[in-house]
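Engineer: Compact mmCIF, C-alpha atoms and all ligand atoms, saved as run.txt, coming up:
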# COMPACT_ATOMS: atom_id res chain seq x y z
CA MET A 1 8.74 24.17 -7.51
CA SER A 2 9.17 22.99 -3.92
CA PHE A 3 10.44 19.54 -2.94
CA TRP A 4 6.85 18.48 -2.17
CA GLN A 5 5.54 19.36 -5.63
CA GLU A 6 8.30 17.51 -7.50
CA ASP A 7 7.66 14.01 -8.83
CA ILE A 8 9.90 11.04 -8.17
CA LYS A 9 11.14 8.93 -11.05
CA ILE A 10 10.78 5.16 -10.76
CA GLY A 11 12.31 3.64 -13.88
CA ASN A 12 10.59 5.58 -16.65
CA ILE A 13 7.56 6.57 -14.56
CA TYR A 14 7.05 9.90 -12.80
CA VAL A 15 4.78 9.91 -9.75
CA PRO A 16 4.08 12.30 -6.86
CA ARG A 17 5.94 11.77 -3.58
CA PHE A 18 2.86 10.65 -1.63
CA ILE A 19 2.02 7.04 -2.47
CA GLY A 20 -0.89 4.76 -1.48
CA GLY A 21 0.83 1.78 0.19
CA PRO A 22 -0.17 -1.90 0.24
CA LEU A 23 -2.56 -3.07 2.97
CA ASP A 24 -3.69 -6.66 2.58
CA GLY A 25 -7.48 -6.89 2.83
CA ILE A 26 -7.87 -3.11 2.50
CA THR A 27 -6.26 -1.63 -0.61
CA ASP A 28 -8.16 -3.84 -3.04
CA ALA A 29 -9.55 -2.68 -6.40
CA PRO A 30 -12.71 -1.06 -4.93
CA PHE A 31 -10.64 0.92 -2.45
CA ARG A 32 -8.16 2.01 -5.11
CA GLN A 33 -11.04 3.17 -7.31
CA LEU A 34 -12.32 5.16 -4.35
CA VAL A 35 -8.89 6.82 -4.00
CA ARG A 36 -8.99 7.72 -7.71
CA GLY A 37 -12.07 9.85 -7.00
CA PHE A 38 -9.60 12.20 -5.24
CA SER A 39 -6.13 11.55 -6.66
CA THR A 40 -5.51 10.69 -10.29
CA ARG A 41 -1.69 10.61 -10.64
CA GLU A 42 -0.53 9.09 -7.37
CA LEU A 43 1.02 5.63 -7.40
CA LEU A 44 -1.12 2.97 -5.70
CA TYR A 45 -0.07 -0.53 -4.62
CA THR A 46 -2.09 -3.70 -4.80
CA GLU A 47 -2.24 -6.11 -1.88
CA MET A 48 0.56 -8.70 -1.76
CA ARG A 49 0.02 -11.94 -3.69
CA HIS A 50 2.35 -14.95 -3.96
CA VAL A 51 3.70 -15.48 -7.48
CA ARG A 52 2.33 -19.05 -7.44
CA SER A 53 -1.21 -17.82 -6.69
CA ILE A 54 -1.11 -15.64 -9.82
CA LEU A 55 -0.84 -18.81 -11.87
CA THR A 56 -3.93 -20.50 -10.41
CA PRO A 57 -7.09 -19.78 -12.42
CA MET A 58 -9.10 -18.33 -9.50
CA GLY A 59 -6.30 -16.54 -7.65
CA GLY A 60 -4.91 -15.06 -10.83
CA HIS A 61 -8.31 -13.90 -12.00
CA LEU A 62 -9.18 -12.09 -8.77
CA ALA A 63 -5.76 -10.55 -8.15
CA LEU A 64 -5.52 -9.25 -11.70
CA LYS A 65 -9.04 -7.84 -11.78
CA PHE A 66 -8.56 -4.08 -11.76
CA GLU A 67 -9.67 -1.05 -13.74
CA GLN A 68 -7.34 1.04 -15.90
CA MET A 69 -8.28 4.09 -13.80
CA GLU A 70 -6.37 2.49 -10.88
CA ARG A 71 -3.11 3.12 -12.71
CA PRO A 72 -0.35 4.04 -12.09
CA LEU A 73 -0.48 0.75 -10.22
CA SER A 74 2.27 -1.22 -8.55
CA PHE A 75 1.47 -4.92 -8.28
CA GLN A 76 3.04 -6.43 -5.17
CA VAL A 77 4.16 -10.04 -5.11
CA SER A 78 5.92 -12.38 -2.72
CA ALA A 79 8.22 -15.27 -3.59
CA SER A 80 10.50 -17.66 -1.74
CA SER A 81 12.47 -18.99 -4.74
CA ASP A 82 12.85 -18.20 -8.42
CA ASP A 83 10.10 -20.72 -9.31
CA CYS A 84 7.00 -19.31 -11.05
CA ILE A 85 8.45 -15.79 -11.27
CA GLU A 86 8.77 -15.66 -15.04
CA ALA A 87 5.26 -16.98 -15.76
CA ALA A 88 3.70 -14.80 -13.05
CA CYS A 89 5.47 -11.68 -14.34
CA GLU A 90 4.25 -12.41 -17.86
CA LYS A 91 0.63 -12.56 -16.63
CA ILE A 92 0.92 -9.49 -14.42
CA VAL A 93 2.60 -7.38 -17.11
CA ALA A 94 0.00 -8.50 -19.67
CA ALA A 95 -2.73 -7.26 -17.32
CA GLY A 96 -1.27 -3.76 -17.75
CA VAL A 97 0.29 -2.78 -14.43
CA ASP A 98 3.02 -0.13 -14.30
CA ILE A 99 5.40 -1.56 -11.70
CA ILE A 100 6.03 -4.93 -10.04
CA ASP A 101 7.05 -4.73 -6.38
CA LEU A 102 8.60 -7.60 -4.43
CA ASN A 103 7.61 -7.83 -0.77
CA VAL A 104 10.63 -8.45 1.46
CA GLY A 105 8.97 -6.98 4.53
CA CYS A 106 5.88 -8.94 5.54
CA PRO A 107 6.21 -10.13 9.18
CA ALA A 108 3.18 -12.52 9.23
CA LYS A 109 3.85 -16.02 10.54
CA ASN A 110 2.28 -17.83 7.60
CA VAL A 111 4.40 -15.76 5.19
CA ILE A 112 7.78 -16.05 6.93
CA SER A 113 7.26 -19.77 7.61
CA SER A 114 7.64 -20.36 3.86
CA CYS A 115 10.64 -18.01 3.66
CA CYS A 116 8.74 -15.18 1.98
CA GLY A 117 8.42 -11.53 3.04
CA SER A 118 10.82 -10.32 5.74
CA ALA A 119 12.32 -13.82 6.18
CA LEU A 120 14.22 -13.21 2.93
CA MET A 121 16.23 -10.49 4.68
CA ALA A 122 17.90 -13.25 6.69
CA HIS A 123 18.75 -15.14 3.45
CA PRO A 124 20.56 -12.65 1.19
CA ASP A 125 21.84 -15.35 -1.20
CA GLN A 126 18.33 -16.61 -1.84
CA LEU A 127 17.08 -13.04 -2.11
CA GLU A 128 19.76 -12.22 -4.68
CA LYS A 129 18.64 -15.13 -6.88
CA ILE A 130 15.04 -13.94 -6.69
CA LEU A 131 15.92 -10.30 -7.40
CA LYS A 132 18.00 -11.27 -10.43
CA LYS A 133 15.18 -13.43 -11.74
CA PHE A 134 12.66 -10.60 -11.50
CA ARG A 135 15.03 -8.13 -13.13
CA SER A 136 15.83 -10.48 -15.99
CA CYS A 137 12.19 -11.02 -16.93
CA LEU A 138 10.85 -7.48 -16.46
CA ASP A 139 10.98 -4.55 -18.86
CA ILE A 140 8.71 -2.48 -16.67
CA PRO A 141 10.01 -0.88 -13.43
CA PHE A 142 10.77 -3.30 -10.59
CA THR A 143 10.82 -2.19 -6.94
CA VAL A 144 11.31 -3.88 -3.57
CA LYS A 145 9.83 -3.22 -0.11
CA ILE A 146 12.03 -4.15 2.84
CA ARG A 147 12.09 -3.84 6.65
CA ALA A 148 14.89 -2.80 9.00
CA GLY A 149 15.76 -6.48 9.11
CA PHE A 150 14.36 -9.87 10.10
CA LYS A 151 15.59 -10.49 13.67
CA GLU A 152 18.64 -8.25 13.25
CA LYS A 153 18.99 -4.97 11.44
CA ASN A 154 20.70 -5.40 8.06
CA ALA A 155 18.63 -3.01 5.91
CA LEU A 156 21.71 -1.19 4.63
CA ASP A 157 23.30 -4.35 3.18
CA ILE A 158 20.00 -5.57 1.78
CA ALA A 159 19.21 -2.18 0.24
CA LYS A 160 22.58 -2.16 -1.54
CA LEU A 161 21.93 -5.68 -2.81
CA VAL A 162 18.51 -4.60 -4.08
CA GLN A 163 20.07 -1.65 -5.95
CA ASP A 164 22.93 -3.78 -7.31
CA CYS A 165 20.41 -6.28 -8.67
CA GLY A 166 18.82 -3.53 -10.75
CA ALA A 167 15.73 -2.44 -8.82
CA ASP A 168 14.33 0.96 -9.80
CA ALA A 169 13.33 2.04 -6.27
CA ILE A 170 13.17 0.67 -2.75
CA ALA A 171 10.64 1.19 0.02
CA ILE A 172 11.71 0.72 3.61
CA HIS A 173 9.47 0.11 6.63
CA PRO A 174 12.22 0.43 9.23
CA ARG A 175 11.04 -1.97 11.90
CA LEU A 176 12.24 -5.52 12.57
CA GLN A 177 10.00 -8.50 11.81
CA THR A 178 9.62 -8.95 15.57
CA GLN A 179 8.16 -5.43 15.93
CA LYS A 180 5.42 -6.08 13.37
CA PHE A 181 3.71 -2.63 13.12
CA ALA A 182 4.44 -1.24 16.59
CA GLY A 183 7.18 0.85 18.17
CA LEU A 184 9.01 3.79 16.64
CA PRO A 185 10.35 3.27 13.11
CA ASP A 186 14.15 3.44 12.95
CA TYR A 187 14.63 6.75 11.15
CA GLU A 188 18.42 6.49 11.41
CA ILE A 189 18.63 3.27 9.40
CA ALA A 190 16.31 4.76 6.75
CA ALA A 191 18.60 7.83 6.57
CA GLN A 192 21.62 5.56 6.09
CA VAL A 193 19.85 3.70 3.28
CA LYS A 194 18.90 6.97 1.59
CA LYS A 195 22.47 8.26 1.85
CA ALA A 196 23.98 5.08 0.42
CA LEU A 197 21.64 4.55 -2.55
CA GLN A 198 21.19 6.27 -5.89
CA ILE A 199 17.71 4.87 -6.62
CA PRO A 200 14.68 6.55 -4.98
CA VAL A 201 14.07 5.56 -1.36
CA ILE A 202 10.49 5.54 -0.14
CA PHE A 203 9.68 5.55 3.57
CA SER A 204 6.87 3.53 5.14
CA GLY A 205 5.81 3.86 8.76
CA ASN A 206 3.65 6.27 10.76
CA VAL A 207 3.27 8.80 7.95
CA VAL A 208 -0.35 9.81 8.42
CA ASN A 209 -0.44 13.44 7.29
CA PHE A 210 1.72 16.17 5.78
CA LYS A 211 3.22 17.05 9.16
CA THR A 212 4.45 13.50 9.77
CA ALA A 213 5.78 13.39 6.18
CA GLN A 214 7.78 16.58 6.88
CA LEU A 215 9.16 15.14 10.13
CA THR A 216 10.11 11.95 8.32
CA TYR A 217 11.84 13.91 5.57
CA ASP A 218 13.76 16.01 8.12
CA ARG A 219 15.01 12.84 9.81
CA THR A 220 15.81 10.76 6.73
CA GLY A 221 15.92 12.83 3.52
CA VAL A 222 13.90 10.13 1.71
CA ASP A 223 12.32 10.70 -1.71
CA GLY A 224 8.82 9.36 -1.22
CA PHE A 225 6.26 8.48 1.44
CA LEU A 226 4.12 5.38 1.52
CA ILE A 227 0.85 5.93 3.34
CA GLY A 228 -0.43 2.69 4.90
CA ARG A 229 -2.83 2.76 7.83
CA GLY A 230 -3.32 6.50 7.36
CA ILE A 231 -5.29 5.94 4.16
CA TRP A 232 -7.65 3.31 5.57
CA ALA A 233 -11.23 4.64 5.26
CA LYS A 234 -9.69 7.97 4.20
CA PRO A 235 -9.35 7.64 0.41
CA TRP A 236 -8.85 11.43 0.23
CA LYS A 237 -5.63 11.16 2.29
CA LEU A 238 -3.17 11.59 -0.63
CA LEU A 239 -5.11 14.63 -1.89
CA GLU A 240 -5.27 16.06 1.63
CA MET A 241 -1.50 15.71 1.95
CA ALA A 242 -0.85 17.28 -1.47
CA GLU A 243 -3.14 20.19 -0.59
CA ASN A 244 -1.48 20.72 2.79
CA ALA A 245 1.94 20.52 1.13
CA ALA A 246 0.83 23.32 -1.20
CA GLY A 247 -0.17 25.40 1.84
CA ARG A 248 -3.89 24.83 1.46
CA GLU A 249 -6.29 23.40 4.01
CA TYR A 250 -8.37 20.34 3.25
CA HIS A 251 -11.49 19.29 5.12
CA VAL A 252 -13.89 16.43 4.62
CA SER A 253 -17.50 17.27 5.38
CA GLN A 254 -19.93 14.81 6.92
CA ALA A 255 -21.81 14.80 3.58
CA MET A 256 -18.59 13.80 1.77
CA LEU A 257 -17.90 11.06 4.32
CA LEU A 258 -21.37 9.63 3.74
CA GLN A 259 -20.89 9.78 -0.04
CA VAL A 260 -17.54 7.98 0.26
CA ALA A 261 -18.90 5.24 2.54
CA LEU A 262 -21.87 4.61 0.21
CA LYS A 263 -19.65 4.54 -2.87
CA HIS A 264 -17.24 2.15 -1.15
CA LEU A 265 -20.08 -0.24 -0.34
CA GLN A 266 -21.34 -0.14 -3.94
CA LEU A 267 -17.83 -0.66 -5.38
CA MET A 268 -17.32 -3.67 -3.10
CA ILE A 269 -20.56 -5.25 -4.33
CA ASP A 270 -19.71 -4.48 -7.97
CA HIS A 271 -16.29 -6.11 -7.55
CA TYR A 272 -17.02 -9.10 -5.29
CA GLY A 273 -20.73 -9.68 -5.98
CA PRO A 274 -23.01 -10.28 -2.94
CA LYS A 275 -19.92 -11.22 -0.88
CA GLY A 276 -18.93 -7.54 -1.13
CA LEU A 277 -21.48 -6.73 1.57
CA TYR A 278 -19.57 -8.89 4.04
CA CYS A 279 -16.21 -7.58 2.88
CA PHE A 280 -17.45 -4.02 3.54
CA ARG A 281 -18.03 -4.84 7.22
CA LYS A 282 -14.38 -4.38 8.11
CA HIS A 283 -14.42 -0.82 6.72
CA LEU A 284 -17.70 0.26 8.28
CA PRO A 285 -16.45 0.90 11.85
CA PHE A 286 -13.83 3.30 10.49
CA TYR A 287 -16.42 5.44 8.72
CA ILE A 288 -18.56 5.84 11.84
CA LYS A 289 -15.68 6.12 14.32
CA GLY A 290 -15.85 9.07 16.70
CA HIS A 291 -19.64 9.49 16.50
CA PRO A 292 -21.37 9.45 19.94
CA SER A 293 -23.56 6.45 19.07
CA ALA A 294 -20.95 4.66 16.92
CA SER A 295 -20.86 1.62 19.14
CA ALA A 296 -24.62 0.91 18.94
CA MET A 297 -24.64 1.56 15.20
CA ARG A 298 -21.61 -0.64 14.60
CA SER A 299 -23.18 -3.55 16.48
CA LYS A 300 -26.32 -3.21 14.37
CA LEU A 301 -24.76 -2.69 10.95
CA VAL A 302 -21.87 -5.15 11.02
CA VAL A 303 -24.28 -8.06 11.37
CA SER A 304 -26.67 -6.79 8.72
CA THR A 305 -27.14 -8.97 5.65
CA SER A 306 -29.04 -6.34 3.69
CA GLN A 307 -27.45 -3.68 1.49
CA GLU A 308 -30.57 -1.57 1.86
CA GLU A 309 -30.33 -1.71 5.65
CA ILE A 310 -26.67 -0.70 5.64
CA VAL A 311 -27.35 2.17 3.21
CA GLN A 312 -30.27 3.40 5.33
CA GLY A 313 -28.21 3.04 8.51
CA LEU A 314 -25.32 5.04 7.05
CA ILE A 315 -27.70 7.77 5.81
CA GLU A 316 -29.39 7.98 9.22
CA PHE A 317 -26.07 7.98 10.98
CA LEU A 318 -23.90 10.20 8.80
CA GLY A 319 -26.55 12.11 6.86
C1 LIG B 1 -3.63 -4.59 7.78
C2 LIG B 1 -2.29 -4.40 7.14
C3 LIG B 1 -2.02 -5.04 5.94
C4 LIG B 1 -0.77 -4.88 5.33
N1 LIG B 1 -0.53 -5.49 4.14
C5 LIG B 1 0.66 -5.28 3.50
C6 LIG B 1 0.93 -5.87 2.24
O1 LIG B 1 0.11 -6.59 1.64
N2 LIG B 1 2.15 -5.62 1.68
C7 LIG B 1 3.09 -4.81 2.29
O2 LIG B 1 4.18 -4.60 1.75
N3 LIG B 1 2.85 -4.25 3.47
C8 LIG B 1 1.66 -4.45 4.09
N4 LIG B 1 1.42 -3.84 5.28
C9 LIG B 1 2.44 -2.89 5.82
C10 LIG B 1 2.15 -1.46 5.38
O3 LIG B 1 2.22 -1.31 3.97
C11 LIG B 1 3.13 -0.48 6.03
O4 LIG B 1 4.45 -0.80 5.62
C12 LIG B 1 3.07 -0.51 7.55
O5 LIG B 1 1.74 -0.60 8.01
C13 LIG B 1 3.72 0.75 8.15
O6 LIG B 1 3.18 1.91 7.56
P1 LIG B 1 1.93 2.75 8.18
O7 LIG B 1 2.33 3.20 9.56
O8 LIG B 1 1.76 3.88 7.20
O9 LIG B 1 0.75 1.83 8.22
C14 LIG B 1 0.21 -4.04 5.93
C15 LIG B 1 -0.08 -3.39 7.14
C16 LIG B 1 -1.30 -3.57 7.75
C17 LIG B 1 -1.58 -2.85 9.05
Spit out the file's structure as structure tokens when you get a sec.
Structural biologist:
Amino acid sequence: MSFWQEDIKIGNIYVPRFIGGPLDGITDAPFRQLVRGFSTRELLYTEMRHVRSILTPMGGHLALKFEQMERPLSFQVSASSDDCIEAACEKIVAAGVDIIDLNVGCPAKNVISSCCGSALMAHPDQLEKILKKFRSCLDIPFTVKIRAGFKEKNALDIAKLVQDCGADAIAIHPRLQTQKFAGLPDYEIAAQVKKALQIPVIFSGNVVNFKTAQLTYDRTGVDGFLIGRGIWAKPWKLLEMAENAAGREYHVSQAMLLQVALKHLQLMIDHYGPKGLYCFRKHLPFYIKGHPSASAMRSKLVVSTSQEEIVQGLIEFLG
């Protein structure tokens, strides 16, 4: 069996090396269900939610609303202190997820202003308290997603701390908070983290196909690959990568693209109710991208308030 066909072991769970990463506003339950139409065993992440929001009736209800078919599922949380962690973990574990992941990488202003996400990389003592709290109240696997650093690169020290506090795997998106999602990822720092740690190291950043996964592996030797933007509006991406890794080609026909877009719209409405129509608008441009009259169609469909009109438009356009 080649490297690419082997699973990685996170705690007691075995999953393929290609993983569906967390994208807030994108990788929600409908999208994950769409991915499951192609890939049944791959690990998928939820969007990030603050531990406190899990304890509110509305926030908790929505965030924990998922189907069993979405598993194996890693539920991603953020936290700035050890408050609420125990109660939130209890609720999340009871909902039946497979892994809890702590976000120590988000660069967004509103997140770092409350010392969550990547800001924690600049506060290792606080991070240590939080990590220990999670580990002490979780029997299921616990993982952490970090950056290269906050303003300065300290991923190696933070990664060791994460491992020492008992995490089962670590994901690294090797850019600083200041770089957000742009610029080349720092492959060297990811390679150093991989070399220093015994737990699986998963790489996040610019892996969009099997070729980029191979390049990333050659530069870092990491164990797994988190696909972020590369999976957006391409729920077949993990299957495509697995097929390519096995030496097979994978193509998506126009008919398949139409089927996927229509199913996505329906899943959004099933999950969110009528609001799902509006939520689907952000995905629509990606499905019609590249078509000669995409611009005209996008202008028409993204303001539509009728499911029927959007369905007809997609059929006309992609059919
Ligand atoms: C729109 C958007 C939303 C994101 N939301 C999350 C999130 O909720 N949690 C997280 O850990 N990372 C989040 N990320 C970061 C991605 O998971 C990933 O680390 C980053 O985009 C680099 O990988 P990529 O080049 O494969 O996209 C987000 C990125 C984008 C572009």
Engineer: For segment 139-143 of chain A, list every protein, DNA or RNA residue within 10 Å, evaluated using only C-alpha atoms, and leave out those in the same chain fewer than 2 positions away; present the list as a VMD selection string.
Structural biologist: chain A and resid 10 to 13 74 to 76 93 97 to 103 131 134 to 137 145 162 to 163 166 to 171 199 to 200
Engineer: With C-alpha atoms retained, export the selected residues as a PDB file, in the frame of the given file.
Structural biologist:
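Everything below was put into part.pdb:
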ATOM      1  CA  ILE A  10      10.780   5.160 -10.760  1.00  0.00           C
ATOM      2  CA  GLY A  11      12.310   3.640 -13.880  1.00  0.00           C
ATOM      3  CA  ASN A  12      10.590   5.580 -16.650  1.00  0.00           C
ATOM      4  CA  ILE A  13       7.560   6.570 -14.560  1.00  0.00           C
ATOM      5  CA  SER A  74       2.270  -1.220  -8.550  1.00  0.00           C
ATOM      6  CA  PHE A  75       1.470  -4.920  -8.280  1.00  0.00           C
ATOM      7  CA  GLN A  76       3.040  -6.430  -5.170  1.00  0.00           C
ATOM      8  CA  VAL A  93       2.600  -7.380 -17.110  1.00  0.00           C
ATOM      9  CA  VAL A  97       0.290  -2.780 -14.430  1.00  0.00           C
ATOM     10  CA  ASP A  98       3.020  -0.130 -14.300  1.00  0.00           C
ATOM     11  CA  ILE A  99       5.400  -1.560 -11.700  1.00  0.00           C
ATOM     12  CA  ILE A 100       6.030  -4.930 -10.040  1.00  0.00           C
ATOM     13  CA  ASP A 101       7.050  -4.730  -6.380  1.00  0.00           C
ATOM     14  CA  LEU A 102       8.600  -7.600  -4.430  1.00  0.00           C
ATOM     15  CA  ASN A 103       7.610  -7.830  -0.770  1.00  0.00           C
ATOM     16  CA  LEU A 131      15.920 -10.300  -7.400  1.00  0.00           C
ATOM     17  CA  PHE A 134      12.660 -10.600 -11.500  1.00  0.00           C
ATOM     18  CA  ARG A 135      15.030  -8.130 -13.130  1.00  0.00           C
ATOM     19  CA  SER A 136      15.830 -10.480 -15.990  1.00  0.00           C
ATOM     20  CA  CYS A 137      12.190 -11.020 -16.930  1.00  0.00           C
ATOM     21  CA  LYS A 145       9.830  -3.220  -0.110  1.00  0.00           C
ATOM     22  CA  VAL A 162      18.510  -4.600  -4.080  1.00  0.00           C
ATOM     23  CA  GLN A 163      20.070  -1.650  -5.950  1.00  0.00           C
ATOM     24  CA  GLY A 166      18.820  -3.530 -10.750  1.00  0.00           C
ATOM     25  CA  ALA A 167      15.730  -2.440  -8.820  1.00  0.00           C
ATOM     26  CA  ASP A 168      14.330   0.960  -9.800  1.00  0.00           C
ATOM     27  CA  ALA A 169      13.330   2.040  -6.270  1.00  0.00           C
ATOM     28  CA  ILE A 170      13.170   0.670  -2.750  1.00  0.00           C
ATOM     29  CA  ALA A 171      10.640   1.190   0.020  1.00  0.00           C
ATOM     30  CA  ILE A 199      17.710   4.870  -6.620  1.00  0.00           C
ATOM     31  CA  PRO A 200      14.680   6.550  -4.980  1.00  0.00           C
TER      32      PRO A 200
END
Engineer: Restricting the calculation to all atoms listed in the file, which member of A:Pro235, A:Pro124, A:Gly149, A:Pro107 is positioned closest to ligand LIG 1 (chain B)?
Structural biologist: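 Closest residue, counting all atoms listed in the file: A:Pro107.
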Engineer: Step by step, gather every atom of segment 157-171 of chain A that the file lists, find the box along x, y and z that holds them, add 5 Å on each side, and finally give centre and edge lengths in Å to one decimal, as lines of an AutoDock Vina configuration file.
Structural biologist:
center_x = 17.0
center_y = -2.1
center_z = -3.8
size_x = 22.7
size_y = 18.3
size_z = 23.9
Engineer: Give the residue list for ligand LIG 1 (chain B) at 6 Å, counting only C-alpha atoms and all ligand atoms, as a list in words, sorted by chain and then by residue number.
Structural biologist: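 Final answer, ordered by chain and number: Gly21, Pro22, Leu23, Asp24, Glu47, Met48, Asn103, Cys106, His173, Phe181, Ser204, Gly205, Asn206, Val207, Ile227, Gly228, Arg229 and Gly230 of chain A.
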Engineer: Could you work out how far atom CA of Gln179 of chain A lies from atom CA of Ile146 of chain A, giving the answer in Å with one decimal?
Structural biologist: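 So the answer is 13.7 Å.
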Engineer: Would you mind reading off the distance between atom CA of Ile26 of chain A and atom CA of Ile8 of chain A, one decimal, in Å?
Structural biologist: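 Atom CA of Ile8 of chain A lies at a distance of 25.1 Å from atom CA of Ile26 of chain A.
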Engineer: Would you list the contacts of Ala108 of chain A as an NGL selection string, taking every protein, DNA or RNA residue within 12 Å and counting all atoms listed in the file, but skipping same-chain residues closer than 4 positions in sequence?
Structural biologist: :A and (24 or 48 or 103-104 or 112-119 or 150 or 176-181)
Engineer: Residues of the last selection are to be written out with C-alpha atoms, as a PDB file, in the frame of the given file.
Structural biologist:
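Saved as out.pdb:
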ATOM      1  CA  ASP A  24      -3.690  -6.660   2.580  1.00  0.00           C
ATOM      2  CA  MET A  48       0.560  -8.700  -1.760  1.00  0.00           C
ATOM      3  CA  ASN A 103       7.610  -7.830  -0.770  1.00  0.00           C
ATOM      4  CA  VAL A 104      10.630  -8.450   1.460  1.00  0.00           C
ATOM      5  CA  ILE A 112       7.780 -16.050   6.930  1.00  0.00           C
ATOM      6  CA  SER A 113       7.260 -19.770   7.610  1.00  0.00           C
ATOM      7  CA  SER A 114       7.640 -20.360   3.860  1.00  0.00           C
ATOM      8  CA  CYS A 115      10.640 -18.010   3.660  1.00  0.00           C
ATOM      9  CA  CYS A 116       8.740 -15.180   1.980  1.00  0.00           C
ATOM     10  CA  GLY A 117       8.420 -11.530   3.040  1.00  0.00           C
ATOM     11  CA  SER A 118      10.820 -10.320   5.740  1.00  0.00           C
ATOM     12  CA  ALA A 119      12.320 -13.820   6.180  1.00  0.00           C
ATOM     13  CA  PHE A 150      14.360  -9.870  10.100  1.00  0.00           C
ATOM     14  CA  LEU A 176      12.240  -5.520  12.570  1.00  0.00           C
ATOM     15  CA  GLN A 177      10.000  -8.500  11.810  1.00  0.00           C
ATOM     16  CA  THR A 178       9.620  -8.950  15.570  1.00  0.00           C
ATOM     17  CA  GLN A 179       8.160  -5.430  15.930  1.00  0.00           C
ATOM     18  CA  LYS A 180       5.420  -6.080  13.370  1.00  0.00           C
ATOM     19  CA  PHE A 181       3.710  -2.630  13.120  1.00  0.00           C
TER      20      PHE A 181
END
Engineer: Looking at A:Gly25, A:Pro16, A:Pro30, A:Gly319, which one is nearest to Asp223 of chain A, with distances taken over only C-alpha atoms?
Structural biologist: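 Closest to Asp223 of chain A of all the choices is A:Pro16.
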Engineer: Leaving out segment 276-292 of chain A and any residue of its chain fewer than 3 positions from it, which residues lie within 7 Å of it when counting all atoms listed in the file, given as an MDAnalysis selection string?
Structural biologist: chainID A and resid 233 261 265 268:269 272:273 298 302 307
Engineer: Of the residues A:Gly37, A:Tyr14, A:Gly221, A:Lys109, which is the one nearest to Lys195 of chain A, using all atoms listed in the file?
Structural biologist: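 So, comparing all the options, the nearest one is A:Gly221.
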Engineer: Would you compute the distance between atom CA of Ser2 of chain A and atom CA of Ala245 of chain A? Give it in Å to one decimal.
Structural biologist: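 Interatomic distance, atom CA of Ser2 of chain A to atom CA of Ala245 of chain A: 9.2 Å.
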Engineer: Pick from A:Phe38, A:Phe317, A:Phe203, A:Trp236: nearest to Val222 of chain A, with only C-alpha atoms counted?
Structural biologist: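 Ranking A:Phe38, A:Phe317, A:Phe203, A:Trp236 by distance to Val222 of chain A, first place goes to A:Phe203.
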Engineer: Counting only C-alpha atoms, note down every residue that has an atom within 9 Å of the point (-7.0, 11.0, -1.3) (file coordinates), as a VMD selection string.
Structural biologist: chain A and resid 20 34 to 39 231 234 to 242
Engineer: For each of A:Asp218, A:Pro72, A:Phe210, A:Glu309, take the minimum atom-to-atom distance to Ala246 of chain A, counting all atoms listed in the file, then give the residue where this is smallest.
Structural biologist: A:Phe210
Engineer: I'd like the neighbourhood of Lys129 of chain A as a short mmCIF file (atom, residue, chain, number, x, y, z; two decimals) with C-alpha atoms, keeping the file's coordinate frame, where a residue qualifies if any of its atoms comes within 12 Å (using only C-alpha atoms), though same-chain residues fewer than 4 positions away should be ignored.
Structural biologist:
data_model
loop_
_atom_site.label_atom_id
_atom_site.label_comp_id
_atom_site.auth_asym_id
_atom_site.auth_seq_id
_atom_site.Cartn_x
_atom_site.Cartn_y
_atom_site.Cartn_z
CA ALA A 79 8.22 -15.27 -3.59
CA SER A 80 10.50 -17.66 -1.74
CA SER A 81 12.47 -18.99 -4.74
CA ASP A 82 12.85 -18.20 -8.42
CA ASP A 83 10.10 -20.72 -9.31
CA ILE A 85 8.45 -15.79 -11.27
CA LEU A 120 14.22 -13.21 2.93
CA HIS A 123 18.75 -15.14 3.45
CA PRO A 124 20.56 -12.65 1.19
CA ASP A 125 21.84 -15.35 -1.20
CA LYS A 133 15.18 -13.43 -11.74
CA PHE A 134 12.66 -10.60 -11.50
CA ARG A 135 15.03 -8.13 -13.13
CA SER A 136 15.83 -10.48 -15.99
CA LEU A 161 21.93 -5.68 -2.81
CA VAL A 162 18.51 -4.60 -4.08
CA CYS A 165 20.41 -6.28 -8.67
#
Engineer: If you count only C-alpha atoms, which residues fall within 12 Å of Gln312 of chain A, apart from same-chain ones fewer than 4 positions away, as an MDAnalysis selection string?
Structural biologist: chainID A and resid 258 261:262 297 300:301 304 306:308 316:319
